[in-house]
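Next comes entry.cif, with mmCIF, C-alpha atoms.
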```cif
data_start
loop_
_atom_site.label_atom_id
_atom_site.label_comp_id
_atom_site.auth_asym_id
_atom_site.auth_seq_id
_atom_site.Cartn_x
_atom_site.Cartn_y
_atom_site.Cartn_z
CA MET M 1 40.89 145.31 -31.64
CA LYS M 2 41.09 141.90 -33.31
CA THR M 3 38.90 139.24 -31.74
CA PRO M 4 40.59 136.16 -30.22
CA LYS M 5 40.05 132.85 -32.02
CA ILE M 6 37.92 130.19 -30.35
CA ASN M 7 40.75 127.66 -30.54
CA SER M 8 43.62 129.80 -29.25
CA ILE M 9 45.06 128.74 -25.90
CA GLY M 10 46.30 132.17 -24.83
CA LYS M 11 45.60 135.76 -25.83
CA HIS M 12 48.39 138.29 -26.17
CA TRP M 13 48.35 142.02 -26.80
CA HIS M 14 51.41 144.17 -27.58
CA LEU M 15 51.03 147.84 -26.69
CA GLU M 16 53.45 150.46 -27.98
CA LEU M 17 53.03 153.66 -25.96
CA TYR M 18 54.51 156.71 -27.70
CA GLY M 19 54.72 160.27 -26.41
CA CYS M 20 54.45 159.37 -22.72
CA ASP M 21 55.23 162.03 -20.11
CA VAL M 22 58.86 161.17 -19.36
CA LYS M 23 58.45 161.96 -15.66
CA LYS M 24 55.69 159.36 -15.38
CA ILE M 25 57.74 156.48 -16.78
CA GLU M 26 61.10 157.22 -15.14
CA LYS M 27 60.73 155.58 -11.75
CA THR M 28 59.54 152.25 -10.43
CA GLU M 29 57.06 153.56 -7.88
CA PHE M 30 54.68 155.26 -10.32
CA VAL M 31 55.10 152.68 -13.09
CA GLN M 32 54.44 149.80 -10.69
CA ALA M 33 51.36 151.49 -9.20
CA SER M 34 50.05 152.17 -12.71
CA LEU M 35 50.49 148.60 -13.97
CA ARG M 36 48.94 147.27 -10.77
CA GLU M 37 45.97 149.60 -11.24
CA ALA M 38 45.63 148.51 -14.89
CA ALA M 39 45.56 144.85 -13.80
CA HIS M 40 43.04 145.62 -11.07
CA GLN M 41 40.74 147.59 -13.39
CA SER M 42 40.87 144.82 -15.99
CA GLY M 43 39.49 142.35 -13.45
CA ALA M 44 42.70 140.32 -13.20
CA THR M 45 43.80 138.66 -9.96
CA ILE M 46 47.36 139.63 -9.05
CA VAL M 47 49.60 136.76 -7.89
CA ASN M 48 52.89 138.63 -7.50
CA GLU M 49 54.93 141.54 -8.84
CA ASN M 50 58.55 142.30 -9.66
CA PHE M 51 59.93 145.66 -10.74
CA HIS M 52 63.46 146.78 -11.48
CA GLN M 53 64.76 150.37 -11.55
CA PHE M 54 67.44 151.11 -14.11
CA SER M 55 70.01 153.81 -13.49
CA PRO M 56 69.60 156.70 -14.10
CA PHE M 57 66.04 156.06 -15.36
CA GLY M 58 63.83 153.41 -16.92
CA VAL M 59 61.81 150.58 -15.43
CA SER M 60 61.25 146.89 -16.19
CA GLY M 61 58.42 145.18 -14.43
CA VAL M 62 56.00 142.32 -14.41
CA VAL M 63 52.72 141.63 -12.68
CA VAL M 64 51.99 137.89 -12.68
CA ILE M 65 48.22 137.40 -12.65
CA GLU M 66 46.11 134.27 -12.19
CA GLU M 67 45.25 134.65 -15.86
CA SER M 68 48.93 134.97 -17.04
CA HIS M 69 50.90 138.30 -16.99
CA PHE M 70 51.24 142.01 -17.64
CA THR M 71 54.75 143.34 -18.36
CA ILE M 72 56.21 146.78 -18.97
CA HIS M 73 59.53 148.23 -20.09
CA THR M 74 60.01 151.99 -20.24
CA TRP M 75 62.50 154.16 -22.15
CA PRO M 76 62.04 157.66 -20.71
CA GLU M 77 64.77 158.92 -23.05
CA TYR M 78 62.36 158.21 -25.94
CA GLY M 79 59.05 158.83 -24.10
CA TYR M 80 58.24 155.21 -24.98
CA ALA M 81 56.94 152.18 -23.10
CA ALA M 82 56.40 148.60 -24.32
CA VAL M 83 53.57 146.80 -22.55
CA ASP M 84 52.33 143.21 -22.89
CA PHE M 85 49.07 141.75 -21.70
CA PHE M 86 48.98 137.94 -21.84
CA THR M 87 45.78 136.25 -20.65
CA CYS M 88 44.13 132.87 -20.73
CA GLY M 89 40.93 133.80 -18.95
CA GLU M 90 37.69 135.06 -20.46
CA GLY M 91 36.92 137.74 -17.92
CA ILE M 92 39.76 140.22 -18.49
CA ASN M 93 38.75 143.66 -19.75
CA ILE M 94 41.76 144.72 -21.79
CA ASN M 95 40.19 148.02 -22.84
CA LYS M 96 40.04 149.10 -19.19
CA ALA M 97 43.72 148.27 -18.70
CA VAL M 98 44.65 150.24 -21.84
CA GLU M 99 42.67 153.27 -20.64
CA VAL M 100 44.39 153.22 -17.24
CA LEU M 101 47.90 153.21 -18.74
CA LYS M 102 47.04 155.79 -21.39
CA GLY M 103 45.81 158.16 -18.69
CA LYS M 104 48.51 157.49 -16.09
CA PHE M 105 51.38 158.05 -18.52
CA GLU M 106 49.65 160.88 -20.43
CA THR M 107 50.34 158.87 -23.58
CA GLU M 108 49.94 160.60 -26.94
CA GLU M 109 49.54 157.48 -29.07
CA ILE M 110 49.07 153.77 -28.43
CA GLU M 111 49.49 151.04 -31.04
CA ILE M 112 47.80 147.79 -30.05
CA THR M 113 48.41 144.48 -31.79
CA TYR M 114 46.65 141.24 -30.87
CA PHE M 115 48.10 137.71 -31.22
CA ASP M 116 46.56 134.29 -30.68
CA ARG M 117 48.97 132.16 -28.66
CA GLY M 118 48.94 128.41 -29.20
CA ASP M 119 46.58 126.53 -31.50
CA LEU M 120 44.45 124.17 -29.42
CA GLN M 121 43.86 121.64 -32.20
CA LYS M 122 47.53 121.54 -33.11
CA ALA M 123 48.55 121.16 -29.46
CA LYS M 124 46.19 118.20 -29.01
CA SER M 125 47.47 116.55 -32.21
CA LYS M 126 51.09 116.89 -31.02
CA MET M 127 50.59 115.41 -27.55
CA LYS M 128 53.02 112.57 -26.94
CA THR M 129 51.79 111.23 -23.62
CA PRO M 130 48.42 111.57 -21.92
CA LEU M 131 48.29 113.49 -18.65
CA SER M 132 47.60 110.94 -15.92
CA LYS M 133 45.49 113.15 -13.63
CA MET Z 134 64.75 133.78 -37.66
CA LYS Z 135 63.86 137.32 -38.82
CA THR Z 136 66.58 139.89 -38.17
CA PRO Z 137 65.79 142.82 -35.84
CA LYS Z 138 65.55 146.27 -37.44
CA ILE Z 139 68.25 148.82 -36.66
CA ASN Z 140 65.67 151.31 -35.42
CA SER Z 141 63.62 149.05 -33.16
CA ILE Z 142 63.83 149.84 -29.45
CA GLY Z 143 63.14 146.33 -28.20
CA LYS Z 144 63.27 142.84 -29.66
CA HIS Z 145 60.58 140.29 -28.92
CA TRP Z 146 60.27 136.61 -29.77
CA HIS Z 147 57.14 134.48 -29.29
CA LEU Z 148 57.83 130.75 -28.94
CA GLU Z 149 55.03 128.19 -29.23
CA LEU Z 150 56.25 124.85 -27.84
CA TYR Z 151 54.10 121.93 -28.96
CA GLY Z 152 54.41 118.28 -28.00
CA CYS Z 153 56.29 118.89 -24.75
CA ASP Z 154 56.69 116.05 -22.28
CA VAL Z 155 53.78 116.80 -19.95
CA LYS Z 156 55.75 115.72 -16.88
CA LYS Z 157 58.39 118.34 -17.64
CA ILE Z 158 55.99 121.29 -17.78
CA GLU Z 159 53.68 120.36 -14.89
CA LYS Z 160 55.53 121.75 -11.89
CA THR Z 161 57.24 124.99 -10.97
CA GLU Z 162 60.57 123.53 -9.88
CA PHE Z 163 61.61 122.07 -13.22
CA VAL Z 164 60.06 124.85 -15.33
CA GLN Z 165 61.78 127.55 -13.27
CA ALA Z 166 65.15 125.80 -13.41
CA SER Z 167 64.77 125.41 -17.18
CA LEU Z 168 63.89 129.05 -17.84
CA ARG Z 169 66.72 130.17 -15.56
CA GLU Z 170 69.12 127.93 -17.48
CA ALA Z 171 67.84 129.31 -20.80
CA ALA Z 172 68.44 132.87 -19.58
CA HIS Z 173 71.89 131.93 -18.31
CA GLN Z 174 72.90 130.18 -21.54
CA SER Z 175 71.70 133.15 -23.61
CA GLY Z 176 74.09 135.43 -21.74
CA ALA Z 177 71.35 137.41 -19.97
CA THR Z 178 71.82 138.79 -16.46
CA ILE Z 179 69.00 137.68 -14.16
CA VAL Z 180 67.56 140.42 -11.92
CA ASN Z 181 64.74 138.49 -10.27
CA GLU Z 182 62.27 135.65 -10.79
CA ASN Z 183 58.64 134.89 -9.99
CA PHE Z 184 56.89 131.59 -10.58
CA HIS Z 185 53.38 130.45 -9.77
CA GLN Z 186 52.12 126.86 -9.55
CA PHE Z 187 48.57 126.27 -10.70
CA SER Z 188 46.48 123.47 -9.22
CA PRO Z 189 46.54 120.64 -10.16
CA PHE Z 190 49.17 121.44 -12.81
CA GLY Z 191 50.52 124.28 -14.98
CA VAL Z 192 53.05 126.99 -14.32
CA SER Z 193 53.28 130.74 -14.96
CA GLY Z 194 56.61 132.39 -14.51
CA VAL Z 195 58.85 135.26 -15.35
CA VAL Z 196 62.57 135.88 -15.21
CA VAL Z 197 63.28 139.62 -15.24
CA ILE Z 198 66.69 140.17 -16.83
CA GLU Z 199 68.84 143.30 -17.10
CA GLU Z 200 67.99 143.20 -20.81
CA SER Z 201 64.16 142.89 -20.27
CA HIS Z 202 62.36 139.56 -19.61
CA PHE Z 203 61.71 135.90 -20.32
CA THR Z 204 58.22 134.56 -19.51
CA ILE Z 205 56.57 131.13 -19.66
CA HIS Z 206 53.08 129.72 -19.31
CA THR Z 207 52.52 125.97 -19.51
CA TRP Z 208 49.41 123.93 -20.28
CA PRO Z 209 50.39 120.32 -19.48
CA GLU Z 210 46.89 119.19 -20.46
CA TYR Z 211 47.79 120.17 -24.05
CA GLY Z 212 51.56 119.47 -23.91
CA TYR Z 213 51.96 123.16 -24.78
CA ALA Z 214 54.02 126.06 -23.44
CA ALA Z 215 54.02 129.72 -24.51
CA VAL Z 216 57.37 131.44 -24.04
CA ASP Z 217 58.38 135.07 -24.62
CA PHE Z 218 61.87 136.51 -24.88
CA PHE Z 219 61.95 140.30 -24.76
CA THR Z 220 65.38 141.95 -24.97
CA CYS Z 221 66.88 145.35 -25.52
CA GLY Z 222 70.52 144.33 -25.42
CA GLU Z 223 72.75 143.26 -28.27
CA GLY Z 224 74.51 140.41 -26.56
CA ILE Z 225 71.69 137.94 -25.98
CA ASN Z 226 71.97 134.61 -27.81
CA ILE Z 227 68.34 133.66 -28.40
CA ASN Z 228 69.23 130.47 -30.27
CA LYS Z 229 70.96 129.13 -27.15
CA ALA Z 230 67.87 129.86 -25.05
CA VAL Z 231 65.64 128.11 -27.59
CA GLU Z 232 67.87 125.03 -27.61
CA VAL Z 233 67.83 124.80 -23.81
CA LEU Z 234 64.03 124.86 -23.60
CA LYS Z 235 63.59 122.50 -26.55
CA GLY Z 236 65.83 119.97 -24.84
CA LYS Z 237 64.57 120.39 -21.29
CA PHE Z 238 60.91 119.96 -22.23
CA GLU Z 239 61.57 117.31 -24.93
CA THR Z 240 59.62 119.53 -27.29
CA GLU Z 241 58.44 118.07 -30.59
CA GLU Z 242 57.91 121.34 -32.45
CA ILE Z 243 58.70 125.01 -31.80
CA GLU Z 244 57.21 127.91 -33.74
CA ILE Z 245 59.22 131.11 -33.37
CA THR Z 246 57.97 134.54 -34.41
CA TYR Z 247 59.99 137.73 -34.11
CA PHE Z 248 58.61 141.25 -33.54
CA ASP Z 249 60.29 144.64 -33.48
CA ARG Z 250 59.05 146.58 -30.43
CA GLY Z 251 58.92 150.36 -30.67
CA ASP Z 252 60.03 152.44 -33.63
CA LEU Z 253 62.91 154.67 -32.52
CA GLN Z 254 62.26 157.43 -35.08
CA LYS Z 255 58.57 157.52 -34.27
CA ALA Z 256 59.27 157.62 -30.53
CA LYS Z 257 61.63 160.56 -30.94
CA SER Z 258 59.10 162.43 -33.10
CA LYS Z 259 56.37 161.94 -30.48
CA MET Z 260 58.38 163.16 -27.48
CA LYS Z 261 56.52 165.91 -25.65
CA THR Z 262 59.11 167.01 -23.12
CA PRO Z 263 62.87 166.59 -23.08
CA LEU Z 264 64.40 164.42 -20.37
CA SER Z 265 66.28 166.74 -18.03
CA LYS Z 266 69.11 164.41 -17.09
#
```
Take the structure in the file and write it out as structure tokens.
Amino acid sequence: MKTPKINSIGKHWHLELYGCDVKKIEKTEFVQASLREAAHQSGATIVNENFHQFSPFGVSGVVVIEESHFTIHTWPEYGYAAVDFFTCGEGININKAVEVLKGKFETEEIEITYFDRGDLQKAKSKMKTPLSK
Amino acid sequence: MKTPKINSIGKHWHLELYGCDVKKIEKTEFVQASLREAAHQSGATIVNENFHQFSPFGVSGVVVIEESHFTIHTWPEYGYAAVDFFTCGEGININKAVEVLKGKFETEEIEITYFDRGDLQKAKSKMKTPLSK
């Protein structure tokens, strides 16, 4: 995986999960437990969670963590799930989270793409007003 | 903005908001109302919301929509906010959502990057088991 830049503010990974077991990504209960386990194994601190069951199948969900968020959207009709890991902490083990989801969903292939989010130098140069705290 | 591919499963925009008014991105109440308004103006249907206030400042939040999600993370100390719009519907007006956030946060500069999420043909070719519904 690409290494985050020193001057990025956030770190963002897109995961495309192809060839998932359709039964594993159909319903909220298993998907939610899996994303929660991925967050836990990565070392993230969970703040809250929200999952939504689509009819007749498919799940959208988010786990807000102290270090930003994990999200998931599943399309059982295509055996596909889109996952995002967005972090701003240093201590998150993304590889662990990937392994958890790969195993839980019996995923055949995962594409992972990394993105730096926010350029620290640019952000500082664009600041209009100082923060009075 | 780049046009989504016909065969993408989801559509994902990264927004980097630089030079925001720091007072506007410090606290949950205003950030949550702004993201909710952006979702509303885009034509999305809100399913649920979760926001978290960091101490002393900074907000993480998500609005789960019928069509996927909007998320935000703010760094008032840098006048910066990272926003994601993830949709799978056709009827979402992303430009409206961008305009709402740009105005609400008095943003100096927004960088927008579009990503296709999930290749439909690839997903179909990787399916292991048919969906029995």
> What lies within 8 Å of segment 10-24 of chain M using all atoms listed in the file, ignoring chain neighbours under 6 positions off, as a PyMOL selection string?
Replying inline: (chain M and resi 4+30-31+76-88+102+104-118) or (chain Z and resi 250-251+255-256+259-264)
Expected selection from the PyMOL selection byres ((chain Z and resi 191-207) around 8), given as a PDB file with C-alpha atoms, in the coordinates of the input:
```pdb
ATOM      1  CA  ASN M  50      58.550 142.300  -9.660  1.00  0.00           C
ATOM      2  CA  SER M  60      61.250 146.890 -16.190  1.00  0.00           C
ATOM      3  CA  GLY M  61      58.420 145.180 -14.430  1.00  0.00           C
ATOM      4  CA  VAL M  62      56.000 142.320 -14.410  1.00  0.00           C
ATOM      5  CA  VAL M  64      51.990 137.890 -12.680  1.00  0.00           C
ATOM      6  CA  SER M  68      48.930 134.970 -17.040  1.00  0.00           C
ATOM      7  CA  HIS M  73      59.530 148.230 -20.090  1.00  0.00           C
TER       8      HIS M  73
ATOM      9  CA  ILE Z 158      55.990 121.290 -17.780  1.00  0.00           C
ATOM     10  CA  GLU Z 159      53.680 120.360 -14.890  1.00  0.00           C
ATOM     11  CA  LYS Z 160      55.530 121.750 -11.890  1.00  0.00           C
ATOM     12  CA  THR Z 161      57.240 124.990 -10.970  1.00  0.00           C
ATOM     13  CA  VAL Z 164      60.060 124.850 -15.330  1.00  0.00           C
ATOM     14  CA  GLN Z 165      61.780 127.550 -13.270  1.00  0.00           C
ATOM     15  CA  LEU Z 168      63.890 129.050 -17.840  1.00  0.00           C
ATOM     16  CA  ARG Z 169      66.720 130.170 -15.560  1.00  0.00           C
ATOM     17  CA  ALA Z 172      68.440 132.870 -19.580  1.00  0.00           C
ATOM     18  CA  ALA Z 177      71.350 137.410 -19.970  1.00  0.00           C
ATOM     19  CA  THR Z 178      71.820 138.790 -16.460  1.00  0.00           C
ATOM     20  CA  ILE Z 179      69.000 137.680 -14.160  1.00  0.00           C
ATOM     21  CA  VAL Z 180      67.560 140.420 -11.920  1.00  0.00           C
ATOM     22  CA  ASN Z 181      64.740 138.490 -10.270  1.00  0.00           C
ATOM     23  CA  GLU Z 182      62.270 135.650 -10.790  1.00  0.00           C
ATOM     24  CA  ASN Z 183      58.640 134.890  -9.990  1.00  0.00           C
ATOM     25  CA  PHE Z 184      56.890 131.590 -10.580  1.00  0.00           C
ATOM     26  CA  HIS Z 185      53.380 130.450  -9.770  1.00  0.00           C
ATOM     27  CA  GLN Z 186      52.120 126.860  -9.550  1.00  0.00           C
ATOM     28  CA  PHE Z 187      48.570 126.270 -10.700  1.00  0.00           C
ATOM     29  CA  SER Z 188      46.480 123.470  -9.220  1.00  0.00           C
ATOM     30  CA  PRO Z 189      46.540 120.640 -10.160  1.00  0.00           C
ATOM     31  CA  PHE Z 190      49.170 121.440 -12.810  1.00  0.00           C
ATOM     32  CA  TRP Z 208      49.410 123.930 -20.280  1.00  0.00           C
ATOM     33  CA  PRO Z 209      50.390 120.320 -19.480  1.00  0.00           C
ATOM     34  CA  GLY Z 212      51.560 119.470 -23.910  1.00  0.00           C
ATOM     35  CA  TYR Z 213      51.960 123.160 -24.780  1.00  0.00           C
ATOM     36  CA  ALA Z 214      54.020 126.060 -23.440  1.00  0.00           C
ATOM     37  CA  ALA Z 215      54.020 129.720 -24.510  1.00  0.00           C
ATOM     38  CA  VAL Z 216      57.370 131.440 -24.040  1.00  0.00           C
ATOM     39  CA  ASP Z 217      58.380 135.070 -24.620  1.00  0.00           C
ATOM     40  CA  PHE Z 218      61.870 136.510 -24.880  1.00  0.00           C
ATOM     41  CA  PHE Z 219      61.950 140.300 -24.760  1.00  0.00           C
ATOM     42  CA  THR Z 220      65.380 141.950 -24.970  1.00  0.00           C
ATOM     43  CA  CYS Z 221      66.880 145.350 -25.520  1.00  0.00           C
ATOM     44  CA  GLY Z 222      70.520 144.330 -25.420  1.00  0.00           C
TER      45      GLY Z 222
END
```
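Of the listed residues (Z:Gly176, Z:Gly236, Z:Ala166, Z:Ile142), Z:Ile142 comes nearest to chain M; the distances count all atoms listed in the file.
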Is it possible to see chain Z as a PDB file with C-alpha atoms, in the coordinates of the input, once it has been laid onto chain M by a least-squares fit on every C-alpha atom in order?
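As written to disk, out_22.pdb reads:
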```pdb
ATOM      1  CA  MET Z 134      40.900 145.353 -31.659  1.00  0.00           C
ATOM      2  CA  LYS Z 135      41.126 141.925 -33.353  1.00  0.00           C
ATOM      3  CA  THR Z 136      38.926 139.268 -31.765  1.00  0.00           C
ATOM      4  CA  PRO Z 137      40.611 136.186 -30.247  1.00  0.00           C
ATOM      5  CA  LYS Z 138      40.061 132.870 -32.041  1.00  0.00           C
ATOM      6  CA  ILE Z 139      37.936 130.222 -30.344  1.00  0.00           C
ATOM      7  CA  ASN Z 140      40.755 127.691 -30.557  1.00  0.00           C
ATOM      8  CA  SER Z 141      43.630 129.811 -29.270  1.00  0.00           C
ATOM      9  CA  ILE Z 142      45.062 128.743 -25.917  1.00  0.00           C
ATOM     10  CA  GLY Z 143      46.293 132.161 -24.841  1.00  0.00           C
ATOM     11  CA  LYS Z 144      45.594 135.748 -25.830  1.00  0.00           C
ATOM     12  CA  HIS Z 145      48.380 138.281 -26.162  1.00  0.00           C
ATOM     13  CA  TRP Z 146      48.348 142.019 -26.785  1.00  0.00           C
ATOM     14  CA  HIS Z 147      51.406 144.161 -27.575  1.00  0.00           C
ATOM     15  CA  LEU Z 148      51.006 147.842 -26.680  1.00  0.00           C
ATOM     16  CA  GLU Z 149      53.436 150.464 -27.982  1.00  0.00           C
ATOM     17  CA  LEU Z 150      53.012 153.670 -25.952  1.00  0.00           C
ATOM     18  CA  TYR Z 151      54.499 156.702 -27.683  1.00  0.00           C
ATOM     19  CA  GLY Z 152      54.708 160.264 -26.415  1.00  0.00           C
ATOM     20  CA  CYS Z 153      54.441 159.381 -22.725  1.00  0.00           C
ATOM     21  CA  ASP Z 154      55.220 162.021 -20.127  1.00  0.00           C
ATOM     22  CA  VAL Z 155      58.845 161.150 -19.380  1.00  0.00           C
ATOM     23  CA  LYS Z 156      58.448 161.963 -15.685  1.00  0.00           C
ATOM     24  CA  LYS Z 157      55.698 159.362 -15.398  1.00  0.00           C
ATOM     25  CA  ILE Z 158      57.739 156.473 -16.800  1.00  0.00           C
ATOM     26  CA  GLU Z 159      61.102 157.224 -15.163  1.00  0.00           C
ATOM     27  CA  LYS Z 160      60.738 155.582 -11.768  1.00  0.00           C
ATOM     28  CA  THR Z 161      59.552 152.254 -10.433  1.00  0.00           C
ATOM     29  CA  GLU Z 162      57.069 153.571  -7.882  1.00  0.00           C
ATOM     30  CA  PHE Z 163      54.689 155.258 -10.303  1.00  0.00           C
ATOM     31  CA  VAL Z 164      55.103 152.670 -13.081  1.00  0.00           C
ATOM     32  CA  GLN Z 165      54.419 149.795 -10.682  1.00  0.00           C
ATOM     33  CA  ALA Z 166      51.363 151.492  -9.192  1.00  0.00           C
ATOM     34  CA  SER Z 167      50.050 152.169 -12.703  1.00  0.00           C
ATOM     35  CA  LEU Z 168      50.486 148.604 -13.953  1.00  0.00           C
ATOM     36  CA  ARG Z 169      48.930 147.268 -10.750  1.00  0.00           C
ATOM     37  CA  GLU Z 170      45.970 149.604 -11.243  1.00  0.00           C
ATOM     38  CA  ALA Z 171      45.632 148.498 -14.880  1.00  0.00           C
ATOM     39  CA  ALA Z 172      45.569 144.847 -13.790  1.00  0.00           C
ATOM     40  CA  HIS Z 173      43.048 145.630 -11.064  1.00  0.00           C
ATOM     41  CA  GLN Z 174      40.749 147.598 -13.378  1.00  0.00           C
ATOM     42  CA  SER Z 175      40.862 144.812 -15.981  1.00  0.00           C
ATOM     43  CA  GLY Z 176      39.501 142.358 -13.425  1.00  0.00           C
ATOM     44  CA  ALA Z 177      42.705 140.299 -13.196  1.00  0.00           C
ATOM     45  CA  THR Z 178      43.806 138.653  -9.952  1.00  0.00           C
ATOM     46  CA  ILE Z 179      47.369 139.637  -9.054  1.00  0.00           C
ATOM     47  CA  VAL Z 180      49.601 136.762  -7.888  1.00  0.00           C
ATOM     48  CA  ASN Z 181      52.892 138.612  -7.510  1.00  0.00           C
ATOM     49  CA  GLU Z 182      54.930 141.525  -8.852  1.00  0.00           C
ATOM     50  CA  ASN Z 183      58.554 142.285  -9.678  1.00  0.00           C
ATOM     51  CA  PHE Z 184      59.922 145.650 -10.731  1.00  0.00           C
ATOM     52  CA  HIS Z 185      63.450 146.786 -11.467  1.00  0.00           C
ATOM     53  CA  GLN Z 186      64.740 150.371 -11.558  1.00  0.00           C
ATOM     54  CA  PHE Z 187      67.431 151.106 -14.106  1.00  0.00           C
ATOM     55  CA  SER Z 188      70.007 153.824 -13.494  1.00  0.00           C
ATOM     56  CA  PRO Z 189      69.589 156.715 -14.097  1.00  0.00           C
ATOM     57  CA  PHE Z 190      66.047 156.069 -15.369  1.00  0.00           C
ATOM     58  CA  GLY Z 191      63.830 153.377 -16.928  1.00  0.00           C
ATOM     59  CA  VAL Z 192      61.802 150.582 -15.425  1.00  0.00           C
ATOM     60  CA  SER Z 193      61.248 146.887 -16.176  1.00  0.00           C
ATOM     61  CA  GLY Z 194      58.429 145.150 -14.430  1.00  0.00           C
ATOM     62  CA  VAL Z 195      55.998 142.313 -14.409  1.00  0.00           C
ATOM     63  CA  VAL Z 196      52.710 141.620 -12.691  1.00  0.00           C
ATOM     64  CA  VAL Z 197      51.994 137.881 -12.684  1.00  0.00           C
ATOM     65  CA  ILE Z 198      48.223 137.393 -12.646  1.00  0.00           C
ATOM     66  CA  GLU Z 199      46.120 134.255 -12.174  1.00  0.00           C
ATOM     67  CA  GLU Z 200      45.250 134.647 -15.860  1.00  0.00           C
ATOM     68  CA  SER Z 201      48.931 134.981 -17.041  1.00  0.00           C
ATOM     69  CA  HIS Z 202      50.896 138.283 -16.995  1.00  0.00           C
ATOM     70  CA  PHE Z 203      51.230 141.997 -17.643  1.00  0.00           C
ATOM     71  CA  THR Z 204      54.743 143.332 -18.356  1.00  0.00           C
ATOM     72  CA  ILE Z 205      56.218 146.792 -18.961  1.00  0.00           C
ATOM     73  CA  HIS Z 206      59.529 148.232 -20.080  1.00  0.00           C
ATOM     74  CA  THR Z 207      60.010 151.995 -20.226  1.00  0.00           C
ATOM     75  CA  TRP Z 208      62.498 154.140 -22.132  1.00  0.00           C
ATOM     76  CA  PRO Z 209      62.033 157.663 -20.716  1.00  0.00           C
ATOM     77  CA  GLU Z 210      64.763 158.923 -23.050  1.00  0.00           C
ATOM     78  CA  TYR Z 211      62.357 158.199 -25.938  1.00  0.00           C
ATOM     79  CA  GLY Z 212      59.047 158.821 -24.100  1.00  0.00           C
ATOM     80  CA  TYR Z 213      58.240 155.200 -24.978  1.00  0.00           C
ATOM     81  CA  ALA Z 214      56.930 152.173 -23.088  1.00  0.00           C
ATOM     82  CA  ALA Z 215      56.395 148.604 -24.318  1.00  0.00           C
ATOM     83  CA  VAL Z 216      53.565 146.796 -22.550  1.00  0.00           C
ATOM     84  CA  ASP Z 217      52.340 143.203 -22.895  1.00  0.00           C
ATOM     85  CA  PHE Z 218      49.067 141.726 -21.698  1.00  0.00           C
ATOM     86  CA  PHE Z 219      48.982 137.937 -21.838  1.00  0.00           C
ATOM     87  CA  THR Z 220      45.782 136.249 -20.638  1.00  0.00           C
ATOM     88  CA  CYS Z 221      44.134 132.874 -20.723  1.00  0.00           C
ATOM     89  CA  GLY Z 222      40.929 133.821 -18.954  1.00  0.00           C
ATOM     90  CA  GLU Z 223      37.690 135.062 -20.441  1.00  0.00           C
ATOM     91  CA  GLY Z 224      36.914 137.746 -17.924  1.00  0.00           C
ATOM     92  CA  ILE Z 225      39.744 140.214 -18.463  1.00  0.00           C
ATOM     93  CA  ASN Z 226      38.744 143.666 -19.728  1.00  0.00           C
ATOM     94  CA  ILE Z 227      41.759 144.719 -21.784  1.00  0.00           C
ATOM     95  CA  ASN Z 228      40.192 148.024 -22.827  1.00  0.00           C
ATOM     96  CA  LYS Z 229      40.037 149.098 -19.174  1.00  0.00           C
ATOM     97  CA  ALA Z 230      43.723 148.266 -18.711  1.00  0.00           C
ATOM     98  CA  VAL Z 231      44.637 150.239 -21.835  1.00  0.00           C
ATOM     99  CA  GLU Z 232      42.680 153.273 -20.640  1.00  0.00           C
ATOM    100  CA  VAL Z 233      44.394 153.219 -17.241  1.00  0.00           C
ATOM    101  CA  LEU Z 234      47.896 153.209 -18.732  1.00  0.00           C
ATOM    102  CA  LYS Z 235      47.033 155.790 -21.389  1.00  0.00           C
ATOM    103  CA  GLY Z 236      45.820 158.147 -18.683  1.00  0.00           C
ATOM    104  CA  LYS Z 237      48.507 157.484 -16.094  1.00  0.00           C
ATOM    105  CA  PHE Z 238      51.386 158.046 -18.515  1.00  0.00           C
ATOM    106  CA  GLU Z 239      49.650 160.879 -20.442  1.00  0.00           C
ATOM    107  CA  THR Z 240      50.322 158.875 -23.578  1.00  0.00           C
ATOM    108  CA  GLU Z 241      49.953 160.598 -26.941  1.00  0.00           C
ATOM    109  CA  GLU Z 242      49.552 157.485 -29.083  1.00  0.00           C
ATOM    110  CA  ILE Z 243      49.066 153.764 -28.427  1.00  0.00           C
ATOM    111  CA  GLU Z 244      49.498 151.043 -31.035  1.00  0.00           C
ATOM    112  CA  ILE Z 245      47.801 147.790 -30.058  1.00  0.00           C
ATOM    113  CA  THR Z 246      48.404 144.469 -31.795  1.00  0.00           C
ATOM    114  CA  TYR Z 247      46.668 141.232 -30.874  1.00  0.00           C
ATOM    115  CA  PHE Z 248      48.096 137.703 -31.235  1.00  0.00           C
ATOM    116  CA  ASP Z 249      46.555 134.290 -30.694  1.00  0.00           C
ATOM    117  CA  ARG Z 250      48.978 132.149 -28.656  1.00  0.00           C
ATOM    118  CA  GLY Z 251      48.923 128.400 -29.210  1.00  0.00           C
ATOM    119  CA  ASP Z 252      46.586 126.528 -31.525  1.00  0.00           C
ATOM    120  CA  LEU Z 253      44.451 124.172 -29.429  1.00  0.00           C
ATOM    121  CA  GLN Z 254      43.858 121.623 -32.212  1.00  0.00           C
ATOM    122  CA  LYS Z 255      47.526 121.536 -33.119  1.00  0.00           C
ATOM    123  CA  ALA Z 256      48.543 121.145 -29.473  1.00  0.00           C
ATOM    124  CA  LYS Z 257      46.193 118.204 -29.019  1.00  0.00           C
ATOM    125  CA  SER Z 258      47.479 116.544 -32.206  1.00  0.00           C
ATOM    126  CA  LYS Z 259      51.093 116.884 -31.028  1.00  0.00           C
ATOM    127  CA  MET Z 260      50.589 115.409 -27.549  1.00  0.00           C
ATOM    128  CA  LYS Z 261      53.016 112.562 -26.937  1.00  0.00           C
ATOM    129  CA  THR Z 262      51.787 111.232 -23.614  1.00  0.00           C
ATOM    130  CA  PRO Z 263      48.437 111.583 -21.891  1.00  0.00           C
ATOM    131  CA  LEU Z 264      48.295 113.518 -18.631  1.00  0.00           C
ATOM    132  CA  SER Z 265      47.598 110.998 -15.882  1.00  0.00           C
ATOM    133  CA  LYS Z 266      45.512 113.202 -13.621  1.00  0.00           C
TER     134      LYS Z 266
END
```
